[in-house]
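Enquirer: This is run.pdb (PDB, C-alpha atoms).
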ATOM      1  CA  MET A   1     -18.004 -45.814  44.482
ATOM      2  CA  ASP A   2     -15.233 -47.359  42.412
ATOM      3  CA  ASN A   3     -17.122 -46.817  39.143
ATOM      4  CA  THR A   4     -17.881 -43.224  40.023
ATOM      5  CA  TYR A   5     -14.240 -42.570  40.914
ATOM      6  CA  THR A   6     -13.037 -44.212  37.691
ATOM      7  CA  LYS A   7     -15.395 -42.113  35.548
ATOM      8  CA  LYS A   8     -14.303 -38.888  37.252
ATOM      9  CA  THR A   9     -10.650 -39.753  36.848
ATOM     10  CA  LYS A  10     -11.132 -40.593  33.165
ATOM     11  CA  TRP A  11     -13.047 -37.368  32.578
ATOM     12  CA  HIS A  12     -10.332 -35.357  34.340
ATOM     13  CA  GLU A  13      -7.594 -36.966  32.236
ATOM     14  CA  GLU A  14      -9.485 -36.285  29.020
ATOM     15  CA  THR A  15     -10.011 -32.624  29.893
ATOM     16  CA  GLN A  16      -6.280 -32.239  30.576
ATOM     17  CA  MET A  17      -5.270 -33.574  27.165
ATOM     18  CA  ASP A  18      -3.419 -31.174  24.877
ATOM     19  CA  ARG A  19      -5.674 -31.488  21.865
ATOM     20  CA  LEU A  20      -4.146 -28.452  20.151
ATOM     21  CA  SER A  21      -0.703 -30.056  19.994
ATOM     22  CA  ASP A  22      -2.231 -33.102  18.333
ATOM     23  CA  LEU A  23      -3.248 -31.042  15.315
ATOM     24  CA  PRO A  24      -1.167 -31.479  12.147
ATOM     25  CA  ASP A  25       1.492 -28.897  11.387
ATOM     26  CA  CYS A  26      -0.442 -27.388   8.490
ATOM     27  CA  LEU A  27      -3.326 -26.453  10.786
ATOM     28  CA  LEU A  28      -1.019 -25.063  13.464
ATOM     29  CA  HIS A  29       0.761 -22.957  10.846
ATOM     30  CA  HIS A  30      -2.563 -21.643   9.609
ATOM     31  CA  ILE A  31      -3.688 -20.689  13.133
ATOM     32  CA  LEU A  32      -0.400 -18.994  14.072
ATOM     33  CA  SER A  33      -0.367 -17.031  10.811
ATOM     34  CA  PHE A  34      -3.189 -14.850  12.100
ATOM     35  CA  MET A  35      -1.129 -13.469  15.004
ATOM     36  CA  ASP A  36       1.884 -11.194  15.127
ATOM     37  CA  SER A  37       5.132 -13.125  14.849
ATOM     38  CA  LYS A  38       6.231 -11.977  18.306
ATOM     39  CA  TYR A  39       3.497 -14.068  19.884
ATOM     40  CA  ALA A  40       3.883 -16.907  17.388
ATOM     41  CA  VAL A  41       7.535 -17.225  18.391
ATOM     42  CA  GLN A  42       6.596 -17.363  22.089
ATOM     43  CA  THR A  43       4.734 -20.650  21.509
ATOM     44  CA  CYS A  44       8.139 -22.381  21.340
ATOM     45  CA  ILE A  45       8.194 -22.611  25.161
ATOM     46  CA  LEU A  46       4.961 -24.629  25.389
ATOM     47  CA  SER A  47       6.562 -28.032  24.818
ATOM     48  CA  LYS A  48       9.068 -29.855  22.627
ATOM     49  CA  ARG A  49       6.310 -30.242  20.044
ATOM     50  CA  TRP A  50       6.183 -26.456  19.614
ATOM     51  CA  VAL A  51       9.896 -25.632  19.540
ATOM     52  CA  SER A  52      10.200 -25.271  15.766
ATOM     53  CA  VAL A  53       6.557 -24.915  14.674
ATOM     54  CA  TRP A  54       6.809 -21.124  14.241
ATOM     55  CA  THR A  55       9.879 -21.386  11.992
ATOM     56  CA  HIS A  56       7.770 -22.873   9.191
ATOM     57  CA  LEU A  57       4.925 -20.357   9.100
ATOM     58  CA  PRO A  58       3.900 -19.172   5.623
ATOM     59  CA  VAL A  59       3.175 -15.681   7.008
ATOM     60  CA  LEU A  60       5.510 -13.424   9.010
ATOM     61  CA  LYS A  61       4.060 -10.290  10.601
ATOM     62  CA  LEU A  62       6.556  -8.068  12.414
ATOM     63  CA  ASP A  63       5.190  -4.894  14.026
ATOM     64  CA  SER A  64       7.217  -2.427  16.110
ATOM     65  CA  LYS A  65       4.171  -1.458  18.204
ATOM     66  CA  PHE A  66       4.649  -4.639  20.242
ATOM     67  CA  PHE A  67       8.164  -3.575  21.284
ATOM     68  CA  ASN A  68       9.134  -0.847  23.749
ATOM     69  CA  ARG A  69      12.651  -0.433  22.386
ATOM     70  CA  VAL A  70      13.628  -0.138  18.749
ATOM     71  CA  GLY A  71      16.821  -2.111  19.404
ATOM     72  CA  ASN A  72      14.795  -5.103  20.552
ATOM     73  CA  PHE A  73      12.613  -4.896  17.460
ATOM     74  CA  ARG A  74      15.604  -4.749  15.123
ATOM     75  CA  SER A  75      17.196  -7.744  16.832
ATOM     76  CA  PHE A  76      13.923  -9.671  16.711
ATOM     77  CA  ILE A  77      13.526  -9.115  12.948
ATOM     78  CA  SER A  78      17.067 -10.298  12.262
ATOM     79  CA  GLN A  79      16.730 -13.424  14.395
ATOM     80  CA  VAL A  80      13.335 -14.365  12.941
ATOM     81  CA  LEU A  81      14.660 -14.088   9.380
ATOM     82  CA  ASP A  82      17.681 -16.210  10.312
ATOM     83  CA  HIS A  83      15.543 -18.962  11.864
ATOM     84  CA  CYS A  84      13.176 -18.963   8.853
ATOM     85  CA  GLU A  85      15.946 -19.199   6.294
ATOM     86  CA  ASN A  86      14.765 -22.626   5.100
ATOM     87  CA  SER A  87      11.043 -21.878   5.246
ATOM     88  CA  ASN A  88       8.558 -21.270   2.476
ATOM     89  CA  ILE A  89       7.374 -17.723   3.279
ATOM     90  CA  LEU A  90       4.439 -16.506   1.203
ATOM     91  CA  THR A  91       3.700 -13.234   3.036
ATOM     92  CA  LEU A  92       6.145 -10.880   4.749
ATOM     93  CA  SER A  93       4.896  -7.801   6.594
ATOM     94  CA  ILE A  94       7.213  -5.322   8.350
ATOM     95  CA  CYS A  95       5.579  -2.387  10.125
ATOM     96  CA  SER A  96       7.822   0.229  11.716
ATOM     97  CA  PRO A  97       6.259   3.636  10.990
ATOM     98  CA  ARG A  98       7.776   5.350  14.037
ATOM     99  CA  LYS A  99      11.085   3.552  14.513
ATOM    100  CA  ASN A 100      14.033   3.696  12.136
ATOM    101  CA  LEU A 101      15.563   0.490  10.849
ATOM    102  CA  ALA A 102      19.267   0.230  10.086
ATOM    103  CA  ARG A 103      20.352   0.199   6.451
ATOM    104  CA  SER A 104      21.817  -3.295   6.803
ATOM    105  CA  LEU A 105      18.533  -4.595   8.225
ATOM    106  CA  VAL A 106      16.444  -3.090   5.417
ATOM    107  CA  ASP A 107      18.807  -4.689   2.903
ATOM    108  CA  LYS A 108      18.453  -8.013   4.732
ATOM    109  CA  ILE A 109      14.645  -7.810   4.610
ATOM    110  CA  ILE A 110      14.639  -7.121   0.870
ATOM    111  CA  SER A 111      17.184  -9.857   0.152
ATOM    112  CA  PHE A 112      15.112 -12.306   2.188
ATOM    113  CA  ALA A 113      11.958 -11.435   0.217
ATOM    114  CA  VAL A 114      13.741 -11.877  -3.113
ATOM    115  CA  SER A 115      15.564 -15.110  -2.226
ATOM    116  CA  HIS A 116      12.431 -16.732  -0.733
ATOM    117  CA  SER A 117      10.145 -15.768  -3.640
ATOM    118  CA  VAL A 118       7.710 -13.990  -1.332
ATOM    119  CA  GLN A 119       4.316 -13.476  -2.961
ATOM    120  CA  GLU A 120       2.997 -10.667  -0.727
ATOM    121  CA  LEU A 121       5.253  -7.960   0.688
ATOM    122  CA  ASP A 122       3.979  -5.199   2.991
ATOM    123  CA  LEU A 123       6.503  -2.592   4.135
ATOM    124  CA  SER A 124       5.570   0.364   6.315
ATOM    125  CA  LEU A 125       8.821   2.115   7.181
ATOM    126  CA  LYS A 126       9.974   5.446   8.570
ATOM    127  CA  TYR A 127      12.758   7.122   6.606
ATOM    128  CA  PRO A 128      13.685   3.926   4.756
ATOM    129  CA  ILE A 129      17.299   3.612   3.706
ATOM    130  CA  GLY A 130      19.148   0.875   1.931
ATOM    131  CA  GLU A 131      18.572  -0.821  -1.391
ATOM    132  CA  LEU A 132      14.790  -0.613  -1.254
ATOM    133  CA  GLN A 133      14.551  -0.462  -5.033
ATOM    134  CA  ASN A 134      15.678  -4.087  -5.070
ATOM    135  CA  VAL A 135      12.067  -4.882  -4.151
ATOM    136  CA  PHE A 136      11.321  -4.585  -7.856
ATOM    137  CA  ARG A 137      13.626  -7.518  -8.574
ATOM    138  CA  CYS A 138      11.245  -9.862  -6.746
ATOM    139  CA  GLN A 139       9.419 -11.402  -9.704
ATOM    140  CA  SER A 140       7.321 -13.678  -7.475
ATOM    141  CA  LEU A 141       5.382 -10.766  -5.973
ATOM    142  CA  ARG A 142       1.627 -10.833  -6.435
ATOM    143  CA  VAL A 143       0.836  -8.123  -3.854
ATOM    144  CA  LEU A 144       3.131  -5.193  -3.029
ATOM    145  CA  LYS A 145       2.320  -2.553  -0.398
ATOM    146  CA  LEU A 146       4.751   0.289   0.284
ATOM    147  CA  ASP A 147       4.061   2.936   2.916
ATOM    148  CA  LEU A 148       7.256   4.947   3.203
ATOM    149  CA  LEU A 149       6.146   8.049   5.142
ATOM    150  CA  CYS A 150       8.837  10.456   3.978
ATOM    151  CA  GLY A 151       8.763   9.136   0.437
ATOM    152  CA  LEU A 152      11.433   7.484  -1.660
ATOM    153  CA  PRO A 153      12.238   7.792  -5.367
ATOM    154  CA  LEU A 154      11.031   4.792  -7.320
ATOM    155  CA  PRO A 155      12.268   3.506 -10.694
ATOM    156  CA  ASN A 156      10.851   4.915 -13.913
ATOM    157  CA  SER A 157       9.194   1.592 -14.666
ATOM    158  CA  ILE A 158       8.072  -1.407 -12.622
ATOM    159  CA  SER A 159       8.403  -4.769 -14.348
ATOM    160  CA  LEU A 160       6.827  -7.469 -12.176
ATOM    161  CA  ALA A 161       5.163 -10.135 -14.292
ATOM    162  CA  SER A 162       3.141 -11.743 -11.468
ATOM    163  CA  LEU A 163       2.019  -8.551  -9.709
ATOM    164  CA  LYS A 164      -1.756  -8.231  -9.303
ATOM    165  CA  THR A 165      -2.145  -5.600  -6.554
ATOM    166  CA  LEU A 166       0.027  -2.537  -5.983
ATOM    167  CA  ILE A 167      -0.474  -0.087  -3.109
ATOM    168  CA  LEU A 168       1.819   2.946  -2.922
ATOM    169  CA  CYS A 169       1.425   5.298   0.031
ATOM    170  CA  LYS A 170       3.547   8.379   0.688
ATOM    171  CA  VAL A 171       6.050   7.646  -2.048
ATOM    172  CA  ARG A 172       7.808  10.146  -4.279
ATOM    173  CA  LEU A 173       7.957   9.496  -8.021
ATOM    174  CA  LYS A 174      10.545  11.335 -10.051
ATOM    175  CA  SER A 175      11.285  11.253 -13.755
ATOM    176  CA  GLU A 176      12.819  13.467 -16.391
ATOM    177  CA  ASN A 177      10.857  11.743 -19.145
ATOM    178  CA  HIS A 178       8.119  13.620 -20.954
ATOM    179  CA  CYS A 179       5.686  10.756 -20.330
ATOM    180  CA  PHE A 180       6.196   8.925 -17.045
ATOM    181  CA  ASP A 181       4.836   5.390 -17.471
ATOM    182  CA  LEU A 182       5.347   3.324 -14.313
ATOM    183  CA  PHE A 183       2.955   0.390 -14.691
ATOM    184  CA  SER A 184       2.762  -0.595 -18.374
ATOM    185  CA  SER A 185       5.208  -3.518 -17.984
ATOM    186  CA  CYS A 186       3.026  -5.137 -15.284
ATOM    187  CA  LEU A 187       0.804  -7.055 -17.669
ATOM    188  CA  ASP A 188      -1.226  -8.824 -14.955
ATOM    189  CA  LEU A 189      -1.712  -5.821 -12.646
ATOM    190  CA  GLN A 190      -5.408  -5.603 -11.687
ATOM    191  CA  ASN A 191      -5.568  -3.273  -8.667
ATOM    192  CA  ILE A 192      -3.710  -0.012  -8.038
ATOM    193  CA  VAL A 193      -3.987   2.262  -5.000
ATOM    194  CA  LEU A 194      -2.061   5.560  -4.985
ATOM    195  CA  ASP A 195      -2.344   7.407  -1.678
ATOM    196  CA  HIS A 196      -0.499  10.688  -1.109
ATOM    197  CA  VAL A 197       1.868  10.242  -4.047
ATOM    198  CA  PHE A 198       4.300  13.081  -4.737
ATOM    199  CA  LEU A 199       5.175  13.597  -8.389
ATOM    200  CA  THR A 200       8.135  15.544  -9.697
ATOM    201  CA  ILE A 201       7.890  14.844 -13.407
ATOM    202  CA  SER A 202       8.408  16.899 -16.507
ATOM    203  CA  ASP A 203       4.955  16.690 -18.027
ATOM    204  CA  ILE A 204       2.569  13.709 -17.988
ATOM    205  CA  PHE A 205       1.909  10.945 -15.460
ATOM    206  CA  ASN A 206       0.702   7.872 -17.350
ATOM    207  CA  ILE A 207      -1.260   5.112 -15.657
ATOM    208  CA  SER A 208      -1.295   2.413 -18.291
ATOM    209  CA  ALA A 209      -2.082  -1.198 -17.404
ATOM    210  CA  PRO A 210      -3.814  -3.590 -19.825
ATOM    211  CA  ALA A 211      -5.371  -5.797 -17.087
ATOM    212  CA  LEU A 212      -6.258  -3.022 -14.617
ATOM    213  CA  VAL A 213      -9.738  -3.451 -13.093
ATOM    214  CA  SER A 214      -9.725  -1.159 -10.047
ATOM    215  CA  LEU A 215      -7.915   2.168  -9.616
ATOM    216  CA  THR A 216      -7.938   4.313  -6.466
ATOM    217  CA  ILE A 217      -6.161   7.665  -6.404
ATOM    218  CA  SER A 218      -6.108   9.680  -3.194
ATOM    219  CA  LYS A 219      -4.219  12.938  -3.418
ATOM    220  CA  ILE A 220      -1.649  13.090  -6.194
ATOM    221  CA  ILE A 221       0.548  16.122  -5.569
ATOM    222  CA  PHE A 222       2.543  17.593  -8.453
ATOM    223  CA  TYR A 223       5.786  19.387  -7.642
ATOM    224  CA  VAL A 224       8.390  21.274  -9.600
ATOM    225  CA  ALA A 225      11.945  20.902  -8.296
ATOM    226  CA  LYS A 226      13.845  24.175  -8.485
ATOM    227  CA  ASP A 227      16.905  22.452  -7.079
ATOM    228  CA  ALA A 228      17.739  19.559  -4.749
ATOM    229  CA  LYS A 229      16.146  21.264  -1.730
ATOM    230  CA  ILE A 230      13.555  23.741  -3.038
ATOM    231  CA  MET A 231      10.256  22.475  -4.464
ATOM    232  CA  TYR A 232       6.941  24.178  -5.186
ATOM    233  CA  TYR A 233       3.506  23.205  -6.471
ATOM    234  CA  ALA A 234       3.349  22.716 -10.208
ATOM    235  CA  PRO A 235       1.061  25.158 -12.065
ATOM    236  CA  ILE A 236      -2.328  23.794 -13.022
ATOM    237  CA  LYS A 237      -1.404  23.418 -16.698
ATOM    238  CA  ASP A 238       1.414  20.993 -15.775
ATOM    239  CA  ARG A 239      -0.727  18.630 -13.694
ATOM    240  CA  LYS A 240      -1.641  15.948 -16.196
ATOM    241  CA  VAL A 241      -2.743  12.375 -15.578
ATOM    242  CA  VAL A 242      -3.515  10.025 -18.480
ATOM    243  CA  ILE A 243      -5.255   6.730 -17.699
ATOM    244  CA  THR A 244      -5.219   3.930 -20.268
ATOM    245  CA  ALA A 245      -6.986   0.848 -18.925
ATOM    246  CA  PRO A 246      -9.334  -0.991 -21.311
ATOM    247  CA  ARG A 247     -10.607  -3.361 -18.555
ATOM    248  CA  LEU A 248     -11.139  -0.738 -15.858
ATOM    249  CA  THR A 249     -14.487  -1.114 -14.059
ATOM    250  CA  SER A 250     -13.968   0.837 -10.806
ATOM    251  CA  PHE A 251     -12.350   4.260 -10.344
ATOM    252  CA  SER A 252     -12.092   6.278  -7.134
ATOM    253  CA  PHE A 253     -10.447   9.688  -7.204
ATOM    254  CA  THR A 254      -9.771  12.168  -4.404
ATOM    255  CA  CYS A 255      -8.277  15.287  -5.912
ATOM    256  CA  TYR A 256      -5.953  17.494  -3.873
ATOM    257  CA  ARG A 257      -5.726  20.236  -6.471
ATOM    258  CA  PRO A 258      -7.371  20.637  -9.895
ATOM    259  CA  MET A 259      -5.573  18.790 -12.675
ATOM    260  CA  SER A 260      -6.037  17.563 -16.200
ATOM    261  CA  LEU A 261      -7.424  14.034 -16.217
ATOM    262  CA  SER A 262      -7.657  12.041 -19.409
ATOM    263  CA  MET A 263      -9.134   8.550 -19.577
ATOM    264  CA  ASP A 264      -8.677   6.723 -22.861
ATOM    265  CA  ASN A 265     -10.436   3.529 -23.881
ATOM    266  CA  SER A 266     -12.289   2.411 -20.739
ATOM    267  CA  PRO A 267     -15.568   1.073 -22.164
ATOM    268  CA  LEU A 268     -16.226  -1.240 -19.178
ATOM    269  CA  LEU A 269     -16.189   1.527 -16.565
ATOM    270  CA  GLU A 270     -19.058   1.002 -14.110
ATOM    271  CA  ASN A 271     -18.459   2.782 -10.797
ATOM    272  CA  VAL A 272     -16.792   6.171 -10.341
ATOM    273  CA  ASN A 273     -16.398   7.990  -7.022
ATOM    274  CA  LEU A 274     -15.086  11.552  -7.089
ATOM    275  CA  SER A 275     -14.246  13.655  -4.064
ATOM    276  CA  MET A 276     -12.323  16.822  -3.394
ATOM    277  CA  SER A 277     -11.401  18.238  -0.015
ATOM    278  CA  HIS A 278     -12.539  21.874  -0.022
ATOM    279  CA  ASP A 279     -10.197  22.761   2.838
ATOM    280  CA  ASP A 280      -7.165  21.580   0.873
ATOM    281  CA  LEU A 281      -7.998  23.364  -2.359
ATOM    282  CA  SER A 282      -6.219  26.661  -1.913
ATOM    283  CA  ASP A 283      -6.062  27.243  -5.669
ATOM    284  CA  THR A 284      -9.584  26.396  -6.803
ATOM    285  CA  GLN A 285      -9.944  29.979  -7.976
ATOM    286  CA  GLU A 286      -6.787  29.710 -10.040
ATOM    287  CA  GLU A 287      -7.399  30.670 -13.634
ATOM    288  CA  GLY A 288      -8.717  27.747 -15.639
ATOM    289  CA  SER A 289      -9.422  25.494 -12.654
ATOM    290  CA  PHE A 290     -13.168  25.399 -13.328
ATOM    291  CA  MET A 291     -12.675  24.173 -16.879
ATOM    292  CA  PHE A 292     -10.328  21.437 -15.678
ATOM    293  CA  LEU A 293     -12.956  20.251 -13.193
ATOM    294  CA  ILE A 294     -15.701  20.204 -15.814
ATOM    295  CA  GLU A 295     -13.452  18.385 -18.281
ATOM    296  CA  MET A 296     -12.665  15.768 -15.629
ATOM    297  CA  LEU A 297     -16.385  15.103 -15.158
ATOM    298  CA  ARG A 298     -16.884  14.893 -18.908
ATOM    299  CA  GLN A 299     -14.098  12.333 -19.270
ATOM    300  CA  LEU A 300     -15.918  10.040 -16.841
ATOM    301  CA  GLY A 301     -19.366  10.488 -18.354
ATOM    302  CA  ASN A 302     -19.511   6.958 -19.798
ATOM    303  CA  ALA A 303     -19.561   5.326 -16.339
ATOM    304  CA  ARG A 304     -22.780   3.561 -15.334
ATOM    305  CA  SER A 305     -22.634   5.036 -11.836
ATOM    306  CA  LEU A 306     -21.058   8.371 -10.882
ATOM    307  CA  THR A 307     -20.875   9.501  -7.239
ATOM    308  CA  VAL A 308     -19.724  13.050  -6.532
ATOM    309  CA  THR A 309     -19.215  14.464  -3.046
ATOM    310  CA  LEU A 310     -20.748  17.734  -1.938
ATOM    311  CA  GLY A 311     -17.243  19.182  -1.549
ATOM    312  CA  LEU A 312     -16.562  18.743  -5.260
ATOM    313  CA  VAL A 313     -19.870  20.368  -6.206
ATOM    314  CA  LYS A 314     -19.099  23.297  -3.924
ATOM    315  CA  VAL A 315     -15.655  23.723  -5.441
ATOM    316  CA  CYS A 316     -17.119  23.690  -8.959
ATOM    317  CA  MET A 317     -19.650  26.366  -8.026
ATOM    318  CA  GLU A 318     -17.046  28.586  -6.364
ATOM    319  CA  SER A 319     -14.651  28.196  -9.288
ATOM    320  CA  TYR A 320     -17.451  29.009 -11.746
ATOM    321  CA  LEU A 321     -18.399  32.156  -9.835
ATOM    322  CA  ALA A 322     -14.746  33.192  -9.687
ATOM    323  CA  CYS A 323     -14.514  32.767 -13.459
ATOM    324  CA  LEU A 324     -17.641  34.906 -14.008
ATOM    325  CA  ILE A 325     -16.357  37.657 -11.746
ATOM    326  CA  SER A 326     -12.940  37.616 -13.364
ATOM    327  CA  HIS A 327     -14.477  37.739 -16.844
ATOM    328  CA  LYS A 328     -16.752  40.636 -15.842
ATOM    329  CA  PHE A 329     -13.930  42.780 -14.494
ATOM    330  CA  ASN A 330     -11.672  41.999 -17.413
ATOM    331  CA  SER A 331     -14.270  42.798 -20.069
TER     332      SER A 331
END
Let me see the structure of the file written as structure tokens.

Expert:
Amino acid sequence: MDNTYTKKTKWHEETQMDRLSDLPDCLLHHILSFMDSKYAVQTCILSKRWVSVWTHLPVLKLDSKFFNRVGNFRSFISQVLDHCENSNILTLSICSPRKNLARSLVDKIISFAVSHSVQELDLSLKYPIGELQNVFRCQSLRVLKLDLLCGLPLPNSISLASLKTLILCKVRLKSENHCFDLFSSCLDLQNIVLDHVFLTISDIFNISAPALVSLTISKIIFYVAKDAKIMYYAPIKDRKVVITAPRLTSFSFTCYRPMSLSMDNSPLLENVNLSMSHDDLSDTQEEGSFMFLIEMLRQLGNARSLTVTLGLVKVCMESYLACLISHKFNS
């Protein structure tokens, strides 16, 4: 009886042991990095062992969807950044697509990223205000993701020596230069994603990056600014994109409206995916649109693999028929 009781007691004590708390800090930091920072912070109430564990995480993920009130989310961001002031933060992610952040808080986020030499910065903000352009002072960045919803003017050139991946979503690029060259100073940039980018430029949008391997473009929209408030779609002849990427191997392009696409010196190009939303193309019958589409296909003819969606084929056929009809009536 005594032996049986002793074994049961020993087994019970072993099962009640806090094995997780016995793990080294590096493993605890790695585990907590996979969860949103709201829940990582809540581990501080578990025991004295856990009080300051979350303040040394290499990854901070702050998402407004876990908060019912925007005021609570703003306060949480500020307090987390204050408590992590002496930490080595590698990745900082702030997601607030439906809740506005105060100008002072946006400035604090950017200053924190710059001062802590953050390597990966992911900002998804609604109507961002503040000195957001200071992001491009953060020379430690290797990955930069900006999803700004309403758009925000960016500098004429990005000079980030360590940057390898750049994702721009819903941003507005503006330049008075004849040739707008945003990426040429990023000598190590290998991956670019442009999703719903609004361009108000005078002539040509250059995508020039010597180390670029993968390029994804989803809906570039060219605008002409009549004044500060009135903008309209640029005519087809003024929609020009020039790609210079000698190491490019993968190119994916979703065209919103026909445009002139020129690809210079891409001998390593392997995979090309082209798509065009037929519902969005209100000007596919615009004069000259068919020739622009055919020229775009010709420019990419050296790729080993070319995938074209049915929507693009349909647009080409409709544009070609429109050209024939127009030519017949005009002759």

Enquirer: When distances are computed from all atoms listed in the file, which of A:Leu144, A:Leu125, A:Ile221, A:Leu62 shows the smallest separation from Ile192 in chain A?

Expert: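 Among A:Leu144, A:Leu125, A:Ile221, A:Leu62, it is A:Leu144 that comes nearest to Ile192 in chain A.
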
Enquirer: Determine the nearest neighbour of Leu293 in chain A from the options A:Gly71, A:Pro258, A:Pro246, A:Pro58, counting all atoms listed in the file.

Expert: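 The answer is A:Pro258, which sits nearest to Leu293 in chain A.
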
Enquirer: Of the residues A:Val59, A:Thr254, A:Leu141, A:Asn88, which is the one nearest to His116 in chain A, using all atoms listed in the file?

Expert: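 Among A:Val59, A:Thr254, A:Leu141, A:Asn88, it is A:Asn88 that comes nearest to His116 in chain A.
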
Enquirer: Translate the PyMOL selection byres ((chain A and resi 54) around 10), as applied to the file shown, into an explicit residue set as a list in words.

Expert: Asp25, Leu28, His29, Leu32, Ser33, Ser37, Tyr39, Ala40, Val41, Gln42, Thr43, Cys44, Trp50, Val51, Ser52, Val53, Thr55, His56, Leu57, Pro58, Val59, Leu60, Val80, His83, Cys84 and Ser87 of chain A

Enquirer: Output the residue selection produced by the PyMOL selection byres ((chain A and resi 66) around 12) on the file above, formatted as number ranges by chain.

Expert: A: 35-39, 61-65, 67-70, 72-73, 76, 95-96, 99

Enquirer: Around all the atoms of range 156-169 of chain A listed in the file, draw an axis-aligned box and extend it by 4 Å on each of the six sides; I want its centre and edge lengths in Å to one decimal, as AutoDock Vina command-line options.

Expert:
--center_x 4.4 --center_y -3.2 --center_z -7.3 --size_x 21.0 --size_y 25.0 --size_z 22.7

Enquirer: I need the residue nearest Ser157 in chain A from this list: A:Val193, A:Ile207, A:Leu90, A:Val272. Use only C-alpha atoms for the distance.

Expert: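 Looking only at the distances to Ser157 in chain A, the closest residue turns out to be A:Ile207.
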
Enquirer: Measuring between only C-alpha atoms, which one of A:Arg103, A:Lys314, A:Arg137, A:Lys170 shows the shortest distance to Lys219 in chain A?

Expert: A:Lys170

Enquirer: Run the PyMOL selection byres ((chain A and resi 264) around 9) against the file shown and list the residues it catches, as a JSON list (two decimals) with C-alpha atoms, in the coordinates of the input.

Expert:
[["chain", "number", "residue", "atom", "x", "y", "z"],
["A", 242, "VAL", "CA", -3.52, 10.02, -18.48],
["A", 243, "ILE", "CA", -5.26, 6.73, -17.70],
["A", 244, "THR", "CA", -5.22, 3.93, -20.27],
["A", 245, "ALA", "CA", -6.99, 0.85, -18.92],
["A", 246, "PRO", "CA", -9.33, -0.99, -21.31],
["A", 262, "SER", "CA", -7.66, 12.04, -19.41],
["A", 263, "MET", "CA", -9.13, 8.55, -19.58],
["A", 265, "ASN", "CA", -10.44, 3.53, -23.88],
["A", 266, "SER", "CA", -12.29, 2.41, -20.74],
["A", 267, "PRO", "CA", -15.57, 1.07, -22.16],
["A", 299, "GLN", "CA", -14.10, 12.33, -19.27]]

Enquirer: What does the structure give for the distance between CA of Ile89 in chain A and CA of Ile167 in chain A, in Å to one decimal?

Expert: 20.3 Å

Enquirer: Counting only C-alpha atoms, which of A:Val213, A:Val171, A:Ser162, A:Ser208 gets nearest to Leu194 in chain A?

Expert: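 Of the candidates, the smallest distance to Leu194 in chain A is held by A:Val171.
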